[in-house]
file start_27.txt (compact mmCIF, C-alpha atoms)
# COMPACT_ATOMS: atom_id res chain seq x y z
CA MET B 1 0.00 0.00 0.00
CA ALA B 2 2.80 2.32 0.94
CA ASN B 3 4.60 1.48 -2.29
CA LEU B 4 1.43 2.23 -4.29
CA ARG B 5 1.09 5.59 -2.55
CA MET B 6 4.74 6.37 -3.29
CA ASN B 7 4.23 5.42 -6.94
CA ARG B 8 1.20 7.70 -7.21
CA MET B 9 3.13 10.55 -5.59
CA GLY B 10 5.98 9.92 -7.97
CA MET B 11 3.65 9.99 -10.97
CA ALA B 12 2.06 13.19 -9.73
CA ALA B 13 5.48 14.77 -9.32
CA LEU B 14 6.44 13.62 -12.80
CA VAL B 15 3.29 15.12 -14.30
CA ALA B 16 3.89 18.36 -12.41
CA LEU B 17 7.47 18.49 -13.62
CA SER B 18 6.33 17.78 -17.17
CA LEU B 19 3.81 20.61 -17.01
CA LEU B 20 6.46 22.92 -15.59
CA ALA B 21 8.83 21.94 -18.37
CA ALA B 22 6.13 22.59 -20.96
CA ALA B 23 5.41 25.97 -19.41
CA SER B 24 9.07 26.91 -19.56
CA ASP B 25 9.02 26.12 -23.28
CA LEU B 26 6.39 28.78 -23.86
CA SER B 27 7.71 31.62 -25.89
CA ALA B 28 6.34 34.68 -27.57
CA GLN B 29 6.82 33.47 -31.12
CA PHE B 30 6.60 29.69 -30.95
CA GLN B 31 3.98 28.30 -28.62
CA PRO B 32 4.38 24.61 -27.76
CA PRO B 33 1.59 22.18 -28.64
CA GLY B 34 -1.44 22.75 -26.45
CA ALA B 35 -0.47 26.24 -25.40
CA LEU B 36 -3.05 28.95 -25.75
CA GLY B 37 -2.61 31.94 -28.02
CA ALA B 38 -3.24 35.44 -26.77
CA LEU B 39 -6.67 35.52 -28.42
CA ALA B 40 -7.80 32.10 -27.21
CA PRO B 41 -10.96 32.66 -25.14
CA ALA B 42 -9.69 30.20 -22.52
CA ASN B 43 -6.49 32.24 -22.16
CA ILE B 44 -8.33 35.54 -21.97
CA ALA B 45 -10.68 34.08 -19.37
CA LYS B 46 -7.92 32.91 -17.02
CA PRO B 47 -8.10 34.56 -13.61
CA ARG B 48 -5.65 37.46 -13.39
CA PRO B 49 -5.36 40.56 -11.21
CA LYS B 50 -7.29 43.51 -12.59
CA PRO B 51 -4.87 45.70 -14.57
CA PRO B 52 -4.42 49.25 -13.25
CA PHE B 53 -5.40 50.80 -16.59
CA ASP B 54 -6.71 50.04 -20.05
CA LEU B 55 -4.87 51.49 -23.04
CA THR B 56 -7.67 50.69 -25.45
CA GLY B 57 -8.21 53.73 -27.60
CA THR B 58 -6.66 55.89 -30.30
CA TRP B 59 -3.53 57.78 -29.33
CA LEU B 60 -1.54 60.51 -31.02
CA HIS B 61 1.93 61.48 -29.98
CA GLY B 62 2.43 65.12 -29.10
CA GLY B 63 1.50 67.90 -26.78
CA GLY B 64 3.36 69.54 -23.94
CA PRO B 65 6.99 70.56 -23.55
CA ASP B 66 10.01 68.32 -24.11
CA ASN B 67 7.96 65.87 -26.12
CA GLY B 68 9.56 65.85 -29.54
CA PHE B 69 8.97 63.02 -31.96
CA ARG B 70 12.66 62.23 -32.30
CA PHE B 71 14.66 59.77 -30.20
CA SER B 72 17.76 61.91 -30.29
CA PRO B 73 21.00 60.83 -28.62
CA PRO B 74 21.70 62.34 -25.19
CA ALA B 75 24.35 64.93 -24.47
CA GLY B 76 27.83 63.48 -24.46
CA PHE B 77 26.80 60.35 -26.28
CA LYS B 78 29.39 58.00 -27.71
CA LEU B 79 28.75 55.82 -30.73
CA THR B 80 30.54 52.70 -31.85
CA PRO B 81 32.82 53.19 -34.87
CA GLU B 82 30.28 51.43 -37.09
CA ALA B 83 27.45 53.73 -36.03
CA GLN B 84 29.65 56.81 -36.12
CA VAL B 85 30.09 56.38 -39.87
CA HIS B 86 26.33 56.69 -40.34
CA TYR B 87 26.03 59.57 -37.91
CA ASP B 88 28.76 61.56 -39.66
CA ALA B 89 27.18 60.92 -43.05
CA ALA B 90 23.80 62.07 -41.74
CA ARG B 91 25.27 65.30 -40.34
CA LYS B 92 27.04 65.97 -43.62
CA ALA B 93 23.81 65.43 -45.55
CA GLN B 94 21.93 67.70 -43.17
CA SER B 95 24.52 70.46 -43.59
CA GLU B 96 23.89 70.25 -47.34
CA GLY B 97 20.12 70.46 -46.93
CA LYS B 98 19.76 66.76 -47.66
CA VAL B 99 18.47 63.75 -45.76
CA TYR B 100 20.39 60.56 -45.05
CA ARG B 101 18.76 57.21 -45.68
CA ASP B 102 15.12 58.16 -45.29
CA ASP B 103 14.10 54.52 -45.31
CA ILE B 104 10.58 55.22 -44.10
CA GLY B 105 10.08 57.30 -47.21
CA GLN B 106 11.14 54.25 -49.22
CA CYS B 107 8.36 52.24 -47.55
CA TRP B 108 10.48 50.49 -44.94
CA PRO B 109 8.72 50.15 -41.57
CA ALA B 110 9.66 52.80 -39.02
CA GLY B 111 10.16 50.17 -36.32
CA VAL B 112 10.21 50.55 -32.56
CA PRO B 113 10.79 53.02 -31.04
CA ILE B 114 10.13 55.66 -33.70
CA MET B 115 6.97 53.97 -34.98
CA MET B 116 5.43 55.17 -31.73
CA THR B 117 5.94 58.90 -32.42
CA ARG B 118 4.89 59.32 -36.06
CA VAL B 119 2.38 62.05 -36.85
CA TRP B 120 -0.10 59.26 -37.46
CA PRO B 121 -2.22 57.93 -34.58
CA ILE B 122 -1.90 54.49 -33.01
CA ALA B 123 -4.91 52.32 -32.27
CA MET B 124 -4.43 50.23 -29.14
CA ILE B 125 -6.57 47.31 -28.05
CA GLN B 126 -5.87 45.91 -24.62
CA LEU B 127 -6.88 42.41 -23.63
CA PRO B 128 -5.91 40.54 -20.45
CA THR B 129 -3.38 38.58 -22.49
CA ALA B 130 -1.91 41.14 -24.85
CA ILE B 131 -2.02 44.68 -26.16
CA PHE B 132 -2.36 45.08 -29.91
CA MET B 133 -0.98 48.34 -31.25
CA ILE B 134 -1.59 49.34 -34.85
CA GLN B 135 0.24 52.39 -36.09
CA GLU B 136 -1.81 54.00 -38.85
CA LEU B 137 1.33 54.58 -40.92
CA LEU B 138 1.72 51.34 -42.91
CA ASN B 139 -0.64 49.76 -40.35
CA SER B 140 2.46 48.57 -38.55
CA LEU B 141 1.53 45.95 -35.96
CA ARG B 142 3.07 45.68 -32.53
CA ILE B 143 1.96 43.09 -29.97
CA VAL B 144 2.83 43.28 -26.28
CA TYR B 145 2.19 39.93 -24.63
CA LEU B 146 0.86 40.03 -21.06
CA ASP B 147 0.03 36.37 -20.51
CA GLY B 148 3.23 35.42 -18.77
CA ARG B 149 5.11 33.91 -21.67
CA PRO B 150 8.86 34.53 -21.72
CA HIS B 151 10.90 35.88 -24.59
CA THR B 152 11.59 33.43 -27.39
CA ASP B 153 14.81 31.43 -27.33
CA PRO B 154 17.34 33.62 -29.16
CA ASP B 155 18.35 30.64 -31.28
CA VAL B 156 14.96 30.58 -32.98
CA ALA B 157 13.61 34.11 -32.50
CA VAL B 158 12.68 35.90 -35.70
CA PRO B 159 13.83 39.52 -35.66
CA SER B 160 11.42 42.23 -36.71
CA PHE B 161 11.14 46.00 -36.95
CA ASN B 162 8.93 46.26 -33.87
CA GLY B 163 10.71 43.50 -31.96
CA GLU B 164 9.26 41.07 -29.49
CA SER B 165 7.53 42.76 -26.57
CA ILE B 166 6.75 41.14 -23.23
CA GLY B 167 4.93 43.14 -20.59
CA HIS B 168 4.18 42.84 -16.91
CA TRP B 169 2.50 45.05 -14.36
CA GLU B 170 4.37 46.79 -11.53
CA ASN B 171 1.80 48.65 -9.40
CA ASP B 172 0.45 51.45 -11.64
CA THR B 173 3.03 50.87 -14.37
CA LEU B 174 3.20 48.51 -17.32
CA VAL B 175 6.79 47.48 -17.92
CA VAL B 176 7.50 46.28 -21.45
CA ASP B 177 10.72 44.57 -22.47
CA THR B 178 11.42 44.50 -26.21
CA LYS B 179 14.22 42.87 -28.16
CA TYR B 180 14.93 40.86 -31.32
CA PHE B 181 15.05 43.73 -33.76
CA VAL B 182 16.14 43.76 -37.38
CA ALA B 183 19.31 45.70 -37.97
CA ASP B 184 18.90 46.76 -41.60
CA HIS B 185 16.93 49.84 -42.63
CA HIS B 186 16.03 50.40 -38.97
CA TRP B 187 16.98 53.69 -37.33
CA ILE B 188 16.68 55.20 -33.87
CA ASP B 189 17.19 58.69 -35.25
CA SER B 190 18.69 60.18 -38.38
CA GLY B 191 22.09 58.51 -38.74
CA ILE B 192 21.69 56.39 -35.58
CA PRO B 193 21.28 52.77 -36.67
CA ALA B 194 19.49 50.13 -34.63
CA SER B 195 21.36 46.84 -34.46
CA ASP B 196 20.20 43.36 -33.56
CA ALA B 197 21.49 44.11 -30.05
CA LEU B 198 18.92 46.84 -29.49
CA HIS B 199 17.05 46.32 -26.22
CA ILE B 200 14.31 48.68 -25.04
CA VAL B 201 12.46 48.81 -21.73
CA GLU B 202 9.35 50.98 -21.58
CA ARG B 203 7.66 52.05 -18.37
CA ILE B 204 4.11 52.96 -19.36
CA ARG B 205 1.75 55.00 -17.21
CA MET B 206 -1.50 56.84 -17.70
CA ILE B 207 -1.61 60.36 -16.33
CA ASN B 208 -3.78 63.46 -16.59
CA ASP B 209 -6.98 61.68 -15.61
CA ARG B 210 -6.07 58.87 -18.02
CA LYS B 211 -6.16 61.18 -21.02
CA THR B 212 -2.40 61.12 -21.44
CA LEU B 213 -0.17 58.15 -22.02
CA GLU B 214 3.41 58.54 -20.81
CA ILE B 215 6.25 56.20 -21.65
CA GLU B 216 9.73 56.32 -20.19
CA TYR B 217 12.17 54.65 -22.56
CA THR B 218 15.51 53.11 -21.67
CA ALA B 219 17.44 51.79 -24.64
CA THR B 220 20.76 50.00 -24.97
CA ASP B 221 22.48 48.88 -28.12
CA ALA B 222 26.07 47.78 -27.57
CA LYS B 223 26.66 47.57 -31.31
CA SER B 224 25.64 51.20 -31.88
CA TRP B 225 26.30 53.21 -28.71
CA GLU B 226 27.66 53.10 -25.19
CA GLY B 227 25.46 53.02 -22.11
CA GLU B 228 21.75 53.67 -21.67
CA TRP B 229 19.79 56.30 -23.58
CA LYS B 230 16.58 57.55 -21.98
CA TRP B 231 13.60 59.52 -23.27
CA THR B 232 10.12 60.32 -22.00
CA LYS B 233 7.30 60.69 -24.53
CA ARG B 234 3.60 61.45 -24.19
CA TRP B 235 0.51 60.70 -26.25
CA GLN B 236 -2.98 62.17 -26.08
CA ARG B 237 -6.26 60.38 -26.58
CA VAL B 238 -7.89 61.37 -29.86
CA ASP B 239 -11.34 59.94 -29.37
CA GLU B 240 -12.68 61.55 -32.52
CA ARG B 241 -10.33 59.59 -34.74
CA ASP B 242 -10.02 56.12 -36.17
CA ILE B 243 -7.13 54.76 -38.16
CA ALA B 244 -7.38 53.91 -41.84
CA GLU B 245 -5.70 51.39 -44.10
CA VAL B 246 -2.43 53.04 -45.11
CA GLU B 247 -0.08 51.23 -47.46
CA CYS B 248 3.20 52.47 -48.86
CA LEU B 249 3.54 51.19 -52.40
CA PRO B 250 6.15 51.65 -55.12
CA GLU B 251 3.46 53.14 -57.34
CA LEU B 252 2.87 55.80 -54.72
CA ASN B 253 6.48 56.87 -54.57
CA GLU B 254 6.61 57.24 -58.34
CA HIS B 255 4.29 60.19 -57.76
CA MET B 256 6.15 61.48 -54.69
CA PRO B 257 9.08 63.48 -56.07
CA THR B 258 10.39 64.12 -52.56
CA THR B 259 11.11 60.41 -52.16
CA HIS B 260 13.48 60.27 -55.12
CA SER B 261 14.88 63.76 -55.44
CA ASN B 262 18.59 64.49 -55.30
CA ALA B 263 18.10 65.65 -51.70
CA HIS B 264 18.40 62.04 -50.63
CA VAL B 265 21.69 60.45 -49.59
CA ARG B 266 21.62 56.68 -49.55
CA MET R 1 -2.72 77.34 -71.98
CA LYS R 2 -0.13 79.97 -71.48
CA SER R 3 2.39 79.06 -68.91
CA HIS R 4 2.30 81.30 -65.92
CA ILE R 5 4.88 80.63 -63.28
CA THR R 6 5.27 83.06 -60.46
CA THR R 7 7.64 82.63 -57.60
CA LEU R 8 6.73 84.47 -54.48
CA LEU R 9 9.03 84.91 -51.56
CA VAL R 10 6.97 84.38 -48.47
CA ILE R 11 7.53 83.96 -44.80
CA ALA R 12 7.80 80.29 -44.09
CA VAL R 13 4.43 79.12 -42.89
CA PHE R 14 5.07 75.57 -41.86
CA ILE R 15 1.61 74.14 -41.73
CA SER R 16 0.20 75.45 -44.97
CA GLY R 17 3.11 74.03 -46.91
CA SER R 18 3.65 70.77 -45.15
CA VAL R 19 2.49 67.31 -45.96
CA TYR R 20 1.35 64.79 -43.39
CA ALA R 21 4.28 62.77 -44.51
CA HIS R 22 5.53 59.24 -44.51
CA HIS R 23 8.84 60.65 -45.71
CA SER R 24 11.29 63.49 -45.40
CA ALA R 25 10.55 66.71 -47.24
CA ALA R 26 14.23 67.48 -47.71
CA GLY R 27 14.76 69.28 -50.98
CA ILE R 28 11.60 71.35 -50.66
CA ASP R 29 11.98 75.11 -50.31
CA ARG R 30 9.46 76.04 -47.65
CA THR R 31 10.23 79.74 -48.01
CA LYS R 32 8.78 79.95 -51.52
CA THR R 33 5.48 79.42 -53.23
CA VAL R 34 5.29 78.60 -56.92
CA SER R 35 2.10 79.05 -58.90
CA VAL R 36 1.46 77.18 -62.15
CA GLU R 37 -1.49 76.84 -64.50
CA GLY R 38 -2.14 73.76 -66.53
CA THR R 39 -4.27 70.75 -67.26
CA VAL R 40 -4.82 67.96 -64.77
CA LYS R 41 -3.19 64.76 -65.99
CA ALA R 42 -4.04 62.58 -62.99
CA PHE R 43 -5.30 62.87 -59.42
CA LYS R 44 -4.94 60.25 -56.71
CA TRP R 45 -7.20 60.30 -53.66
CA GLY R 46 -5.64 57.98 -51.09
CA ASN R 47 -3.40 57.16 -48.15
CA PRO R 48 -0.76 57.90 -47.08
CA HIS R 49 -0.77 60.69 -49.67
CA SER R 50 -2.97 62.09 -52.32
CA TRP R 51 -1.23 63.60 -55.32
CA LEU R 52 -1.96 65.74 -58.33
CA GLU R 53 -0.19 65.74 -61.68
CA VAL R 54 -0.59 68.77 -63.92
CA GLU R 55 0.65 69.29 -67.48
CA VAL R 56 2.10 72.78 -67.65
CA PRO R 57 3.23 74.42 -70.92
CA ASN R 58 6.89 75.39 -70.90
CA SER R 59 9.01 77.87 -72.84
CA LYS R 60 10.09 75.17 -75.32
CA GLY R 61 6.61 74.78 -76.69
CA SER R 62 6.01 71.46 -74.97
CA THR R 63 4.72 70.63 -71.52
CA ASP R 64 6.25 69.66 -68.20
CA ILE R 65 4.57 67.34 -65.74
CA TRP R 66 4.30 69.03 -62.36
CA ASN R 67 3.76 66.52 -59.57
CA PHE R 68 2.31 67.90 -56.34
CA GLU R 69 2.32 65.85 -53.18
CA MET R 70 -0.73 66.25 -50.98
CA ASN R 71 -2.05 65.37 -47.57
CA PRO R 72 -4.22 62.28 -47.06
CA PRO R 73 -7.98 62.55 -47.44
CA ALA R 74 -8.53 62.82 -43.66
CA TYR R 75 -6.81 66.21 -43.88
CA LEU R 76 -8.15 67.28 -47.26
CA VAL R 77 -11.83 66.86 -46.46
CA ARG R 78 -11.35 69.56 -43.84
CA SER R 79 -10.49 71.94 -46.67
CA GLY R 80 -13.52 70.96 -48.71
CA TRP R 81 -11.87 68.35 -50.91
CA LYS R 82 -13.72 65.39 -52.38
CA SER R 83 -12.41 62.56 -54.49
CA SER R 84 -14.26 64.19 -57.40
CA SER R 85 -12.89 67.70 -56.83
CA VAL R 86 -10.55 67.46 -59.81
CA LYS R 87 -10.35 65.08 -62.76
CA ALA R 88 -8.14 64.62 -65.79
CA GLY R 89 -8.62 67.41 -68.28
CA ASP R 90 -9.57 70.10 -65.75
CA LYS R 91 -7.84 73.45 -66.12
CA VAL R 92 -6.44 74.41 -62.74
CA LYS R 93 -4.07 76.78 -61.04
CA VAL R 94 -1.88 75.19 -58.40
CA ALA R 95 0.22 76.84 -55.70
CA GLY R 96 2.90 74.80 -54.00
CA ARG R 97 6.21 74.76 -52.18
CA PRO R 98 8.76 74.05 -54.92
CA PHE R 99 11.87 71.94 -55.16
CA MET R 100 15.09 73.76 -54.42
CA ASN R 101 16.69 72.34 -57.55
CA GLY R 102 13.98 73.66 -59.84
CA ASP R 103 12.45 70.32 -60.76
CA PRO R 104 8.77 70.68 -61.66
CA GLY R 105 6.62 69.78 -58.68
CA GLY R 106 6.48 70.23 -54.96
CA ILE R 107 4.12 70.15 -52.02
CA LEU R 108 0.64 71.41 -52.70
CA VAL R 109 -0.60 74.53 -50.91
CA SER R 110 -3.83 75.16 -52.81
CA VAL R 111 -5.70 74.51 -56.05
CA THR R 112 -7.98 76.94 -57.86
CA LEU R 113 -10.66 75.01 -59.73
CA PRO R 114 -12.20 76.02 -63.07
CA ASN R 115 -15.18 77.50 -61.21
CA GLY R 116 -12.90 79.67 -59.10
CA GLN R 117 -13.20 77.63 -55.93
CA VAL R 118 -9.96 77.43 -53.98
CA LEU R 119 -9.16 74.23 -52.09
CA GLY R 120 -6.38 74.29 -49.50
CA ALA R 121 -3.88 71.75 -48.26
CA GLY R 122 -6.08 70.35 -45.51
CA GLN R 123 -6.04 70.44 -41.76
CA GLN R 124 -4.90 68.01 -39.12
CA PRO R 125 -7.92 66.01 -37.99
CA SER R 126 -7.32 66.15 -34.27
CA THR R 127 -7.45 68.48 -31.33
CA LEU R 128 -3.73 68.35 -30.69
CA PRO R 129 -1.52 71.31 -31.53
CA ALA R 130 -0.07 71.05 -35.02
CA GLN R 131 3.29 69.32 -35.04
CA ALA R 132 6.28 69.53 -37.28
CA PRO R 133 6.42 66.54 -39.61
CA PRO R 134 9.13 63.98 -38.85
CA GLN R 135 12.13 63.62 -41.08
call {"tool": "encode", "arguments": {"input": "start_27.txt", "output": "structure tokens"}}
result
Amino acid sequence: MANLRMNRMGMAALVALSLLAAASDLSAQFQPPGALGALAPANIAKPRPKPPFDLTGTWLHGGGPDNGFRFSPPAGFKLTPEAQVHYDAARKAQSEGKVYRDDIGQCWPAGVPIMMTRVWPIAMIQLPTAIFMIQELLNSLRIVYLDGRPHTDPDVAVPSFNGESIGHWENDTLVVDTKYFVADHHWIDSGIPASDALHIVERIRMINDRKTLEIEYTATDAKSWEGEWKWTKRWQRVDERDIAEVECLPELNEHMPTTHSNAHVR
Amino acid sequence: MKSHITTLLVIAVFISGSVYAHHSAAGIDRTKTVSVEGTVKAFKWGNPHSWLEVEVPNSKGSTDIWNFEMNPPAYLVRSGWKSSSVKAGDKVKVAGRPFMNGDPGGILVSVTLPNGQVLGAGQQPSTLPAQAPPQ
């Protein structure tokens, strides 16, 4: 009898360990068999603490002082030699009234972080398991997972312009960790390239009676610059607006002389 | 139609000459307004930009194609624009911020229709203060 009880306890422990192992295999991009996606009703319905705020709405960057759209380098910044080449070229182009590698104008995605501060609004839909952000410009999609999954194994993670974002709540703040970015045609600012080492942590709060969204950014990219760069940006609710389908097509740029004038340095 | 190109030096008024852009407007002279008269070749009503192509007679006895970049419809409707406001063959007068290098085209400021109605560049469809377009 005692042996039978021990066997049952051993089986239960084995099952528990197996479940734990399966849970540890969860990742943002490749869910193991049987795992629930962020939109699975059973995942959404899981009991979770009530979040301190709901970002659902349409948001437009801007308003208030010290809230520029650019993610400019801080005072005294130091770039890696590889990034410095781009930065110097961009400054030279600017001094000549030109623009350096305006990849967004060539229909490349803006990418995180600058996709957040375009002059186009962002629609956000918050669920218990994830926040879906759709930037009107190119309808660029960003998903912040909130269902407890870890980042994907770096050996299999697929890099993207908006990266892989995992969020968790800390009191009244949503903390979002984003990595796995593409390195080509992806810029932090004019002449500041993003590399595949870019790592961004956002601390998101709602202020001003929940009419203003504030995000504190901390970014590191050992392949482009030294240390941490920080910015604080704010968005306002624009309840009277919806986003539209916005594509950037080669046919469009044929009729946009500013995208292929000699003011561009590539 | 006789070509009529007038360059006016103006104080840079950022909003009236800007486009709600997906791209840099480097190469555009925001301190000047060029006015041309011609025949509409094509008009696109869409996102992220509308655009207007106008055939303008030149001094060589032929025509140049002037391509004017425009704001998206969400802005333009606030200046009275409709998708049917202009069509190929219409005689129009167009004012725009020109290219620094003299290439025909630029960023649209306004269009004067055959019936005399003037349609502007559009307005930002939100309550936020107007912002400078990103580069």
call {"tool": "residues_around", "arguments": {"input": "start_27.txt", "residues": "range 84-95 of chain R", "least_positions_apart": "4", "cutoff": "7 Å", "atoms": "only C-alpha atoms", "output": "PyMOL selection string"}}
result
chain R and resi 33-43+108-114
call {"tool": "residues_near_point", "arguments": {"input": "start_27.txt", "point": "(-0.6, 52.7, -53.3)", "cutoff": "8 Å", "atoms": "all atoms listed in the file", "output": "list in words"}}
result
Glu247, Cys248, Leu249, Pro250, Glu251 and Leu252 of chain B; Gly46 and Asn47 of chain R
call {"tool": "interface_residues", "arguments": {"input": "start_27.txt", "of": "chain B", "to": "chain R", "cutoff": "7 Å", "atoms": "only C-alpha atoms", "output": "list of chain:residue names"}}
result
B:Gly63, B:Phe69, B:Gly97, B:Lys98, B:Val99, B:Asp102, B:Ile104, B:Gly105, B:Arg118, B:Val119, B:Val238, B:Val246, B:Glu247, B:Cys248, B:His255, B:Met256, B:Thr258, B:Thr259, B:Ala263
call {"tool": "residues_around", "arguments": {"input": "start_27.txt", "residues": "Ser140 in chain B", "least_positions_apart": "3", "cutoff": "8 Å", "atoms": "all atoms listed in the file", "output": "mmCIF file with C-alpha atoms, in the frame of the given file"}}
result
data_model
loop_
_atom_site.group_PDB
_atom_site.id
_atom_site.type_symbol
_atom_site.label_atom_id
_atom_site.label_comp_id
_atom_site.auth_asym_id
_atom_site.auth_seq_id
_atom_site.Cartn_x
_atom_site.Cartn_y
_atom_site.Cartn_z
ATOM 1 C CA PRO B 109 8.720 50.150 -41.570
ATOM 2 C CA MET B 115 6.970 53.970 -34.980
ATOM 3 C CA ILE B 134 -1.590 49.340 -34.850
ATOM 4 C CA GLN B 135 0.240 52.390 -36.090
ATOM 5 C CA GLU B 136 -1.810 54.000 -38.850
ATOM 6 C CA LEU B 137 1.330 54.580 -40.920
#
call {"tool": "atom_distance", "arguments": {"input": "start_27.txt", "atom1": "CA of Asp66 in chain B", "atom2": "CA of Lys233 in chain B"}}
result
8.1 Å
call {"tool": "atom_distance", "arguments": {"input": "start_27.txt", "atom1": "CA of Asn208 in chain B", "atom2": "CA of Arg234 in chain B"}}
result
10.8 Å
call {"tool": "atom_distance", "arguments": {"input": "start_27.txt", "atom1": "CA of Ile166 in chain B", "atom2": "CA of Pro150 in chain B"}}
result
7.1 Å
call {"tool": "axis_aligned_box", "arguments": {"input": "start_27.txt", "around": "range 85-97 of chain R", "padding_each_side": "6 Å", "output": "AutoDock Vina command-line options"}}
result
--center_x -3.3 --center_y 70.7 --center_z -60.2 --size_x 31.1 --size_y 24.2 --size_z 28.1
